[in-house]
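Colleague: Handing over target.tsv, TSV, C-alpha atoms.
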chain	number	residue	atom	x	y	z
A	170	ALA	CA	60.29	-0.94	84.55
A	171	GLU	CA	57.14	0.99	83.68
A	172	LEU	CA	58.44	1.72	80.16
A	173	ASP	CA	59.26	-1.94	79.67
A	174	ARG	CA	55.77	-2.88	80.81
A	175	GLN	CA	54.16	-0.35	78.45
A	176	PHE	CA	56.34	-1.47	75.54
A	177	ALA	CA	55.36	-5.11	76.13
A	178	GLU	CA	51.68	-4.09	76.30
A	179	HIS	CA	52.02	-2.10	73.09
A	180	THR	CA	53.64	-5.03	71.31
A	181	ARG	CA	50.87	-7.36	72.50
A	182	GLN	CA	48.16	-4.97	71.31
A	183	ARG	CA	49.85	-4.54	67.94
A	184	ASN	CA	50.04	-8.29	67.44
A	185	ASP	CA	46.40	-8.70	68.53
A	186	LEU	CA	45.41	-5.98	66.04
A	187	ARG	CA	47.28	-7.73	63.22
A	188	GLU	CA	45.60	-11.01	64.03
A	189	GLU	CA	42.18	-9.34	64.16
A	190	LEU	CA	42.77	-7.56	60.84
A	191	SER	CA	44.01	-10.78	59.26
A	192	ARG	CA	40.93	-12.62	60.60
A	193	ILE	CA	38.53	-9.98	59.31
A	194	ALA	CA	40.24	-9.64	55.90
A	195	ARG	CA	41.13	-13.33	55.75
A	196	LEU	CA	44.70	-12.23	54.84
A	197	SER	CA	48.00	-13.25	56.38
A	198	HIS	CA	50.39	-10.63	57.70
A	199	GLU	CA	52.62	-11.02	54.61
A	200	GLU	CA	49.64	-10.72	52.22
A	201	ALA	CA	48.40	-7.56	53.91
A	202	LYS	CA	51.93	-6.15	53.84
A	203	ALA	CA	52.19	-6.88	50.10
A	204	ILE	CA	48.87	-5.11	49.41
A	205	LEU	CA	49.97	-2.04	51.36
A	206	LEU	CA	53.32	-1.97	49.59
A	207	ARG	CA	51.66	-2.31	46.19
A	208	GLN	CA	49.26	0.53	46.95
A	209	ALA	CA	52.14	2.67	48.19
A	210	ALA	CA	54.14	1.90	45.03
A	211	GLU	CA	51.25	2.88	42.76
A	212	GLU	CA	50.73	6.14	44.63
A	213	THR	CA	54.46	6.84	44.43
A	214	LYS	CA	54.48	6.19	40.68
A	215	ARG	CA	51.57	8.56	40.17
A	216	ASP	CA	53.30	11.21	42.26
A	217	ALA	CA	56.57	10.67	40.39
A	218	ALA	CA	54.85	10.85	36.99
A	219	GLU	CA	53.13	14.10	37.94
A	220	LEU	CA	56.40	15.53	39.23
A	221	THR	CA	58.24	14.44	36.10
A	222	ARG	CA	55.59	16.06	33.89
A	223	HIS	CA	55.99	19.34	35.75
A	224	ILE	CA	59.78	19.13	35.53
A	225	VAL	CA	59.70	18.37	31.78
A	226	GLU	CA	57.23	21.18	31.06
A	227	ASP	CA	59.29	23.61	33.07
A	228	ALA	CA	62.52	22.43	31.39
A	229	GLN	CA	60.97	22.79	27.94
A	230	MET	CA	59.74	26.28	28.69
A	231	ARG	CA	63.05	27.37	30.16
A	232	GLY	CA	65.02	25.47	27.49
A	233	GLU	CA	63.19	27.16	24.62
A	234	GLU	CA	63.65	30.53	26.27
A	235	ARG	CA	67.35	29.82	26.78
A	236	ALA	CA	67.74	28.56	23.20
A	237	ARG	CA	66.10	31.69	21.79
A	238	HIS	CA	68.38	33.85	23.89
A	239	ILE	CA	71.50	31.98	22.76
A	240	LEU	CA	70.52	32.06	19.08
A	241	ALA	CA	69.62	35.74	19.23
A	242	THR	CA	72.97	36.50	20.87
A	243	VAL	CA	74.89	34.46	18.32
A	244	ILE	CA	73.07	35.93	15.30
A	245	GLN	CA	73.78	39.44	16.56
A	246	ARG	CA	77.48	38.55	16.69
A	247	TYR	CA	77.65	37.22	13.13
A	248	ALA	CA	76.54	38.32	9.67
A	249	GLY	CA	76.98	36.47	6.37
A	250	GLU	CA	76.73	37.16	2.66
A	251	TYR	CA	74.28	35.72	0.16
A	252	THR	CA	74.92	34.72	-3.46
A	253	PHE	CA	73.13	32.69	-6.11
A	254	GLU	CA	74.04	29.87	-8.46
A	255	SER	CA	73.37	29.40	-12.15
A	256	THR	CA	73.99	26.35	-14.32
A	257	THR	CA	75.51	28.54	-17.02
A	258	ALA	CA	78.55	30.78	-17.31
A	259	SER	CA	79.40	33.27	-20.02
A	260	VAL	CA	82.77	34.11	-21.55
A	261	ALA	CA	83.21	37.57	-23.07
A	262	ILE	CA	84.62	37.85	-26.60
A	263	ASN	CA	85.83	40.90	-28.49
A	264	SER	CA	83.90	40.17	-31.66
A	265	ASP	CA	81.48	37.64	-33.03
A	266	GLU	CA	84.14	36.58	-35.58
A	267	ILE	CA	85.78	34.46	-32.90
A	268	LYS	CA	82.62	32.32	-32.64
A	269	GLY	CA	83.40	30.69	-35.98
A	270	ARG	CA	86.89	29.77	-34.82
A	271	ILE	CA	85.48	28.28	-31.61
A	272	ILE	CA	83.12	26.12	-33.66
A	273	GLY	CA	85.87	25.10	-36.10
A	274	ARG	CA	85.65	23.38	-39.45
A	275	GLU	CA	82.56	21.15	-39.43
A	276	GLY	CA	82.30	21.75	-35.68
A	277	ARG	CA	85.48	19.85	-34.73
A	278	ASN	CA	86.74	22.49	-32.28
A	279	ILE	CA	83.54	22.80	-30.30
A	280	ARG	CA	83.16	19.00	-30.18
A	281	ALA	CA	86.73	18.63	-28.93
A	282	PHE	CA	86.12	21.26	-26.26
A	283	GLU	CA	82.87	19.68	-25.06
A	284	THR	CA	84.47	16.23	-24.94
A	285	ALA	CA	87.46	17.48	-22.94
A	286	THR	CA	85.44	19.51	-20.43
A	287	GLY	CA	82.12	17.63	-20.18
A	288	VAL	CA	80.04	20.78	-20.69
A	289	THR	CA	77.86	22.16	-23.46
A	290	VAL	CA	78.95	25.25	-25.38
A	291	LEU	CA	76.10	27.44	-26.58
A	292	ILE	CA	76.92	29.78	-29.43
A	293	ASP	CA	73.91	31.81	-30.50
A	294	ASP	CA	73.02	35.39	-31.39
A	295	THR	CA	74.05	36.74	-27.98
A	296	PRO	CA	76.51	39.53	-28.83
A	297	ASN	CA	80.11	39.34	-27.60
A	298	ALA	CA	79.53	36.26	-25.45
A	299	VAL	CA	79.84	32.48	-25.50
A	300	VAL	CA	77.70	30.56	-23.00
A	301	ILE	CA	78.91	27.44	-21.20
A	302	SER	CA	76.27	25.16	-19.70
A	303	GLY	CA	76.67	22.24	-17.29
A	304	PHE	CA	75.39	20.91	-13.97
A	305	ASP	CA	78.84	20.11	-12.52
A	306	PRO	CA	80.09	23.45	-11.14
A	307	VAL	CA	83.77	22.41	-11.11
A	308	ARG	CA	83.67	21.32	-14.75
A	309	ARG	CA	81.85	24.52	-15.60
A	310	ALA	CA	84.55	26.60	-13.91
A	311	ILE	CA	87.31	24.67	-15.71
A	312	ALA	CA	85.54	25.11	-19.05
A	313	ARG	CA	85.06	28.83	-18.51
A	314	GLU	CA	88.72	29.40	-17.67
A	315	ALA	CA	89.91	27.16	-20.54
A	316	MET	CA	87.67	28.98	-23.03
A	317	ALA	CA	88.94	32.38	-21.84
A	318	ARG	CA	92.55	31.24	-22.27
A	319	LEU	CA	91.92	29.79	-25.72
A	320	ILE	CA	90.28	33.04	-26.87
A	321	ALA	CA	93.18	35.07	-25.48
A	322	ASP	CA	95.74	32.73	-27.04
A	323	GLY	CA	94.02	32.73	-30.42
A	324	ARG	CA	95.20	29.23	-31.35
A	325	ILE	CA	92.00	27.19	-31.28
A	326	HIS	CA	92.28	23.63	-32.56
A	327	PRO	CA	91.66	20.19	-30.98
A	328	THR	CA	95.25	19.59	-29.84
A	329	ARG	CA	95.57	23.02	-28.26
A	330	ILE	CA	92.14	22.63	-26.65
A	331	GLU	CA	93.22	19.41	-24.95
A	332	GLU	CA	96.46	21.02	-23.73
A	333	ILE	CA	94.74	24.06	-22.26
A	334	VAL	CA	91.95	22.04	-20.61
A	335	ALA	CA	94.46	19.63	-19.04
A	336	GLN	CA	96.51	22.57	-17.74
A	337	VAL	CA	93.46	24.27	-16.22
A	338	GLN	CA	92.33	20.99	-14.65
A	339	ARG	CA	95.68	20.58	-12.87
A	340	GLU	CA	95.58	24.15	-11.63
A	341	MET	CA	91.98	23.74	-10.51
A	342	GLU	CA	92.81	20.63	-8.45
A	343	ASP	CA	95.59	22.55	-6.68
A	344	SER	CA	93.25	25.51	-6.15
A	345	ILE	CA	90.48	23.29	-4.76
A	346	LEU	CA	92.83	21.68	-2.23
A	347	ARG	CA	94.15	25.10	-1.19
A	348	LEU	CA	90.61	26.44	-0.71
A	349	GLY	CA	89.74	23.53	1.59
A	350	GLU	CA	92.92	23.89	3.64
A	351	GLU	CA	92.40	27.65	3.93
A	352	ALA	CA	88.86	27.13	5.26
A	353	VAL	CA	90.18	24.83	7.99
A	354	ALA	CA	93.00	27.23	8.85
A	355	LYS	CA	90.66	30.23	8.87
A	356	LEU	CA	88.69	28.61	11.69
A	357	GLY	CA	91.82	27.65	13.64
A	358	LEU	CA	91.04	23.93	13.46
A	359	ALA	CA	93.40	20.96	13.34
A	360	PRO	CA	94.19	19.81	9.76
A	361	VAL	CA	91.76	17.44	8.05
A	362	HIS	CA	92.52	14.50	5.74
A	363	VAL	CA	93.74	15.67	2.33
A	364	GLU	CA	90.69	14.18	0.60
A	365	THR	CA	88.40	15.91	3.11
A	366	ALA	CA	90.15	19.20	2.36
A	367	ARG	CA	89.69	18.59	-1.36
A	368	LEU	CA	85.95	17.98	-0.88
A	369	LEU	CA	85.69	21.16	1.16
A	370	GLY	CA	87.37	23.09	-1.64
A	371	ARG	CA	84.88	21.75	-4.16
A	372	LEU	CA	82.10	23.33	-2.12
A	373	ARG	CA	83.39	26.72	-3.30
A	374	PHE	CA	81.75	25.88	-6.65
A	375	ARG	CA	78.41	24.75	-5.20
A	376	HIS	CA	75.45	26.85	-4.04
A	377	SER	CA	72.37	26.04	-2.00
A	378	TYR	CA	69.52	28.21	-0.67
A	379	SER	CA	71.13	31.35	-2.14
A	380	GLN	CA	74.50	30.75	-0.48
A	381	ASN	CA	77.86	29.51	-1.60
A	382	ILE	CA	78.17	26.23	0.30
A	383	LEU	CA	81.78	26.71	1.42
A	384	ASP	CA	80.95	30.17	2.76
A	385	HIS	CA	77.84	28.68	4.37
A	386	SER	CA	79.90	25.91	5.98
A	387	ILE	CA	82.37	28.41	7.43
A	388	GLU	CA	79.44	30.49	8.69
A	389	VAL	CA	77.83	27.44	10.33
A	390	ALA	CA	81.16	26.53	11.93
A	391	ARG	CA	81.44	29.99	13.48
A	392	LEU	CA	77.82	29.95	14.66
A	393	ALA	CA	78.28	26.47	16.14
A	394	GLY	CA	81.42	27.65	17.94
A	395	LEU	CA	79.58	30.66	19.37
A	396	ILE	CA	76.70	28.46	20.54
A	397	ALA	CA	79.13	26.00	22.12
A	398	ALA	CA	80.83	28.88	23.91
A	399	GLU	CA	77.45	30.08	25.26
A	400	LEU	CA	76.75	26.55	26.51
A	401	GLY	CA	80.25	25.94	27.88
A	402	ASP	CA	80.69	23.03	25.48
A	403	ASP	CA	83.43	21.78	23.10
A	404	ILE	CA	84.02	24.82	20.87
A	405	GLU	CA	86.53	23.20	18.50
A	406	GLY	CA	84.40	20.06	18.06
A	407	ALA	CA	81.32	22.17	17.33
A	408	LYS	CA	83.21	24.27	14.77
A	409	ARG	CA	84.63	21.18	13.08
A	410	ALA	CA	81.21	19.53	12.79
A	411	GLY	CA	79.77	22.81	11.50
A	412	LEU	CA	82.45	23.16	8.84
A	413	LEU	CA	82.04	19.58	7.61
A	414	HIS	CA	78.25	19.25	7.95
A	415	ASP	CA	77.48	19.78	4.23
A	416	ILE	CA	80.53	18.07	2.78
A	417	GLY	CA	78.31	15.41	1.20
A	418	LYS	CA	77.00	18.08	-1.19
A	419	ALA	CA	80.40	18.08	-2.90
A	420	VAL	CA	79.59	14.67	-4.39
A	421	THR	CA	75.79	14.44	-4.43
A	422	HIS	CA	75.84	14.67	-8.23
A	423	GLU	CA	78.14	11.59	-8.24
A	424	ILE	CA	76.87	9.51	-5.28
A	425	GLU	CA	73.20	8.86	-4.62
A	426	GLY	CA	71.75	9.35	-1.15
A	427	PRO	CA	71.01	12.09	1.41
A	428	HIS	CA	73.97	14.44	1.63
A	429	ALA	CA	74.14	14.11	5.43
A	430	ILE	CA	74.63	10.33	5.21
A	431	VAL	CA	76.92	10.53	2.17
A	432	GLY	CA	79.09	13.11	3.93
A	433	ALA	CA	79.27	11.08	7.14
A	434	ASP	CA	80.33	7.96	5.22
A	435	LEU	CA	83.09	9.89	3.43
A	436	LEU	CA	84.39	11.38	6.68
A	437	ARG	CA	84.36	7.94	8.34
A	438	GLN	CA	86.44	6.58	5.46
A	439	HIS	CA	88.90	9.44	5.92
A	440	GLY	CA	89.35	8.71	9.64
A	441	GLU	CA	87.38	11.63	11.08
A	442	ASP	CA	86.45	11.54	14.78
A	443	ALA	CA	83.29	9.52	15.49
A	444	ARG	CA	81.61	12.49	17.23
A	445	ILE	CA	82.08	14.66	14.15
A	446	VAL	CA	80.84	11.87	11.87
A	447	ASN	CA	77.73	11.53	14.03
A	448	GLY	CA	77.16	15.29	13.98
A	449	VAL	CA	77.32	15.37	10.17
A	450	ALA	CA	75.05	12.32	9.82
A	451	SER	CA	72.53	13.76	12.29
A	452	HIS	CA	72.23	17.35	11.12
A	453	HIS	CA	69.00	16.55	9.22
A	454	GLN	CA	66.49	14.79	11.50
Do you think you could lay out the structure here as structure tokens?

Modeller:
Amino acid sequence: AELDRQFAEHTRQRNDLREELSRIARLSHEEAKAILLRQAAEETKRDAAELTRHIVEDAQMRGEERARHILATVIQRYAGEYTFESTTASVAINSDEIKGRIIGREGRNIRAFETATGVTVLIDDTPNAVVISGFDPVRRAIAREAMARLIADGRIHPTRIEEIVAQVQREMEDSILRLGEEAVAKLGLAPVHVETARLLGRLRFRHSYSQNILDHSIEVARLAGLIAAELGDDIEGAKRAGLLHDIGKAVTHEIEGPHAIVGADLLRQHGEDARIVNGVASHHQ
């Protein structure tokens, strides 16, 4: 009974206090409640923002430290080779007498060769060598092999030039496809679309930043797989994105645009997984 009496007294005093506060502030109970809630919300937001800032700063510090540790670990577990690219290739000859036969009467042989291969043949005073120049590395490789075969065969005339160049082109296409398929198999990945494999193979004839791009792509795939393993993530997906990330460079001399976007568009056309397409498109900015 005493507790009930005290509770009733407490309730009466609380109500009297509310009425007095409302009278003094000229605010209703609901208005005062809204002000208090608004003040509490603002204080909570400030506290939350400060807490978030501390969490983000701590995460960044720990994340950078973790990233450095992972990259250092991965780099220690892998080493690659470096090469360089030139826009010219030379073909050795036994004597300078062969240069006249390569040029042909009134230059018909050299014109036929340049038309069939799409490169420029430079015949100058360089001893025992013929220089082939061209920006397309695949054409340059075809021209070099065709020239070597023509010199070895000895029969150099327009018809024979066309036959040899066509033969080398067919062999090169088969070789390019095989190179792409071997790169995929080397990494233990599921097969890619035949056109994707062919583009990969063409990267064997491209260089960038002192590296052969196909070797670079395989290296990136392995590094990506190691990083994914350190993070407990999708190893095969990371390796696949790493292998295909520079595939746009296989056609950048034919299609305008950033190689990351060009490569992603090609992979999308060939039915590649959307995550891999996004990885390729996103690997620059």

Colleague: What is the atom CA of A:Gly426-atom CA of A:Val288 distance in Å, reported with one decimal?

Modeller: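 Between atom CA of A:Gly426 and atom CA of A:Val288 the gap works out to 24.1 Å.
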
Colleague: Mind listing as an NGL selection string all residues within 6 Å of (81.9, 39.9, -29.1), counting all atoms listed in the file?

Modeller: :A and (262-265 or 296-298)

Colleague: Between A:Ile292, A:Ala228, A:Ala393, A:Leu190, which is the closest to A:Gly269 once you count only C-alpha atoms?

Modeller: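 With only C-alpha atoms as the atom set, the closest residue is A:Ile292.
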
Colleague: Which is closer to A:Gly323 than all the others in A:Ile301, A:Glu364, A:Lys268, A:Pro306, using only C-alpha atoms?

Modeller: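 Under the stated criterion, the closest residue is A:Lys268.
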
Colleague: List the residues sitting within 12 Å of (81.7, 25.5, -13.8) in the file's frame, using only C-alpha atoms, as a PyMOL selection string.

Modeller: chain A and resi 254-260+286-290+300-316+338+341+371-376

Colleague: Give me, as a list in words, all polymer residues having an atom no more than 12 Å from A:Glu332, counting all atoms listed in the file and skipping those fewer than 5 positions away in the same chain.

Modeller: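 Neighbouring residues, sequence-local ones excluded: Ala281, Phe282, Ala285, Thr286, Ala315, Met316, Arg318, Leu319, Arg324, Ile325, His326, Pro327, Val337, Gln338 and Arg339 of chain A.
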
Colleague: Write the selection just made, keeping C-alpha atoms, as a PDB file, in the frame of the given file?

Modeller:
ATOM      1  CA  ALA A 281      86.730  18.630 -28.930  1.00  0.00           C
ATOM      2  CA  PHE A 282      86.120  21.260 -26.260  1.00  0.00           C
ATOM      3  CA  ALA A 285      87.460  17.480 -22.940  1.00  0.00           C
ATOM      4  CA  THR A 286      85.440  19.510 -20.430  1.00  0.00           C
ATOM      5  CA  ALA A 315      89.910  27.160 -20.540  1.00  0.00           C
ATOM      6  CA  MET A 316      87.670  28.980 -23.030  1.00  0.00           C
ATOM      7  CA  ARG A 318      92.550  31.240 -22.270  1.00  0.00           C
ATOM      8  CA  LEU A 319      91.920  29.790 -25.720  1.00  0.00           C
ATOM      9  CA  ARG A 324      95.200  29.230 -31.350  1.00  0.00           C
ATOM     10  CA  ILE A 325      92.000  27.190 -31.280  1.00  0.00           C
ATOM     11  CA  HIS A 326      92.280  23.630 -32.560  1.00  0.00           C
ATOM     12  CA  PRO A 327      91.660  20.190 -30.980  1.00  0.00           C
ATOM     13  CA  VAL A 337      93.460  24.270 -16.220  1.00  0.00           C
ATOM     14  CA  GLN A 338      92.330  20.990 -14.650  1.00  0.00           C
ATOM     15  CA  ARG A 339      95.680  20.580 -12.870  1.00  0.00           C
TER      16      ARG A 339
END

Colleague: Env of A:Gly370: 12 Å cut, atoms = only C-alpha atoms, seq-sep filter 5 positions within chain, self excluded. Answer as a CSV table (one decimal) with C-alpha atoms, keeping the file's coordinate frame.

Modeller:
chain,number,residue,atom,x,y,z
A,306,PRO,CA,80.1,23.4,-11.1
A,307,VAL,CA,83.8,22.4,-11.1
A,341,MET,CA,92.0,23.7,-10.5
A,342,GLU,CA,92.8,20.6,-8.4
A,343,ASP,CA,95.6,22.6,-6.7
A,344,SER,CA,93.2,25.5,-6.2
A,345,ILE,CA,90.5,23.3,-4.8
A,346,LEU,CA,92.8,21.7,-2.2
A,347,ARG,CA,94.2,25.1,-1.2
A,348,LEU,CA,90.6,26.4,-0.7
A,349,GLY,CA,89.7,23.5,1.6
A,350,GLU,CA,92.9,23.9,3.6
A,351,GLU,CA,92.4,27.6,3.9
A,352,ALA,CA,88.9,27.1,5.3
A,353,VAL,CA,90.2,24.8,8.0
A,363,VAL,CA,93.7,15.7,2.3
A,364,GLU,CA,90.7,14.2,0.6
A,365,THR,CA,88.4,15.9,3.1
A,375,ARG,CA,78.4,24.8,-5.2
A,381,ASN,CA,77.9,29.5,-1.6
A,382,ILE,CA,78.2,26.2,0.3
A,383,LEU,CA,81.8,26.7,1.4
A,384,ASP,CA,81.0,30.2,2.8
A,386,SER,CA,79.9,25.9,6.0
A,387,ILE,CA,82.4,28.4,7.4
A,412,LEU,CA,82.4,23.2,8.8
A,413,LEU,CA,82.0,19.6,7.6
A,415,ASP,CA,77.5,19.8,4.2
A,416,ILE,CA,80.5,18.1,2.8
A,418,LYS,CA,77.0,18.1,-1.2
A,419,ALA,CA,80.4,18.1,-2.9
A,420,VAL,CA,79.6,14.7,-4.4

Colleague: Which residue is closest to A:Ala366? Choose from A:Arg329, A:His385, A:His439, A:His238 and count all atoms listed in the file.

Modeller: A:His439

Colleague: I'd like the neighbourhood of stretch 427-438 of chain A as a list in words, where a residue qualifies if any of its atoms comes within 10 Å (using only C-alpha atoms), though same-chain residues fewer than 3 positions away should be ignored.

Modeller: Val361, His362, Glu364, Thr365, Leu368, Leu413, His414, Asp415, Ile416, Gly417, Lys418, Ala419, Val420, Thr421, Ile424, Glu441, Asp442, Ala443, Ile445, Val446, Asn447, Gly448, Val449, Ala450, Ser451, His452, His453 and Gln454 of chain A

Colleague: Which distance in Å separates atom CA of A:Gly276 and atom CA of A:Glu331, to one decimal?

Modeller: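 Spanning atom CA of A:Gly276 to atom CA of A:Glu331 is a straight-line distance of 15.5 Å.
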
Colleague: Between atom CA of A:Gly394 and atom CA of A:Gly406, what distance in Å does the model show, to one decimal?

Modeller: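 Value for the atom CA of A:Gly394-atom CA of A:Gly406 distance: 8.2 Å.
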
Colleague: Write out as a compact mmCIF listing (two decimals) with C-alpha atoms, in the coordinates of the input each polymer residue whose atoms come within 10 Å of A:Ile239, counting all atoms listed in the file; drop sequence neighbours fewer than 2 positions from it.

Modeller:
# COMPACT_ATOMS: atom_id res chain seq x y z
CA GLU A 233 63.19 27.16 24.62
CA GLU A 234 63.65 30.53 26.27
CA ARG A 235 67.35 29.82 26.78
CA ALA A 236 67.74 28.56 23.20
CA ARG A 237 66.10 31.69 21.79
CA ALA A 241 69.62 35.74 19.23
CA THR A 242 72.97 36.50 20.87
CA VAL A 243 74.89 34.46 18.32
CA ILE A 244 73.07 35.93 15.30
CA GLN A 245 73.78 39.44 16.56
CA LEU A 395 79.58 30.66 19.37
CA ILE A 396 76.70 28.46 20.54
CA ALA A 397 79.13 26.00 22.12
CA ALA A 398 80.83 28.88 23.91
CA GLU A 399 77.45 30.08 25.26
CA LEU A 400 76.75 26.55 26.51

Colleague: Return the single residue from A:Ala321, A:Ala354, A:Glu425, A:Asp216 that is closest to A:Ala261, with distances computed using only C-alpha atoms.

Modeller: A:Ala321
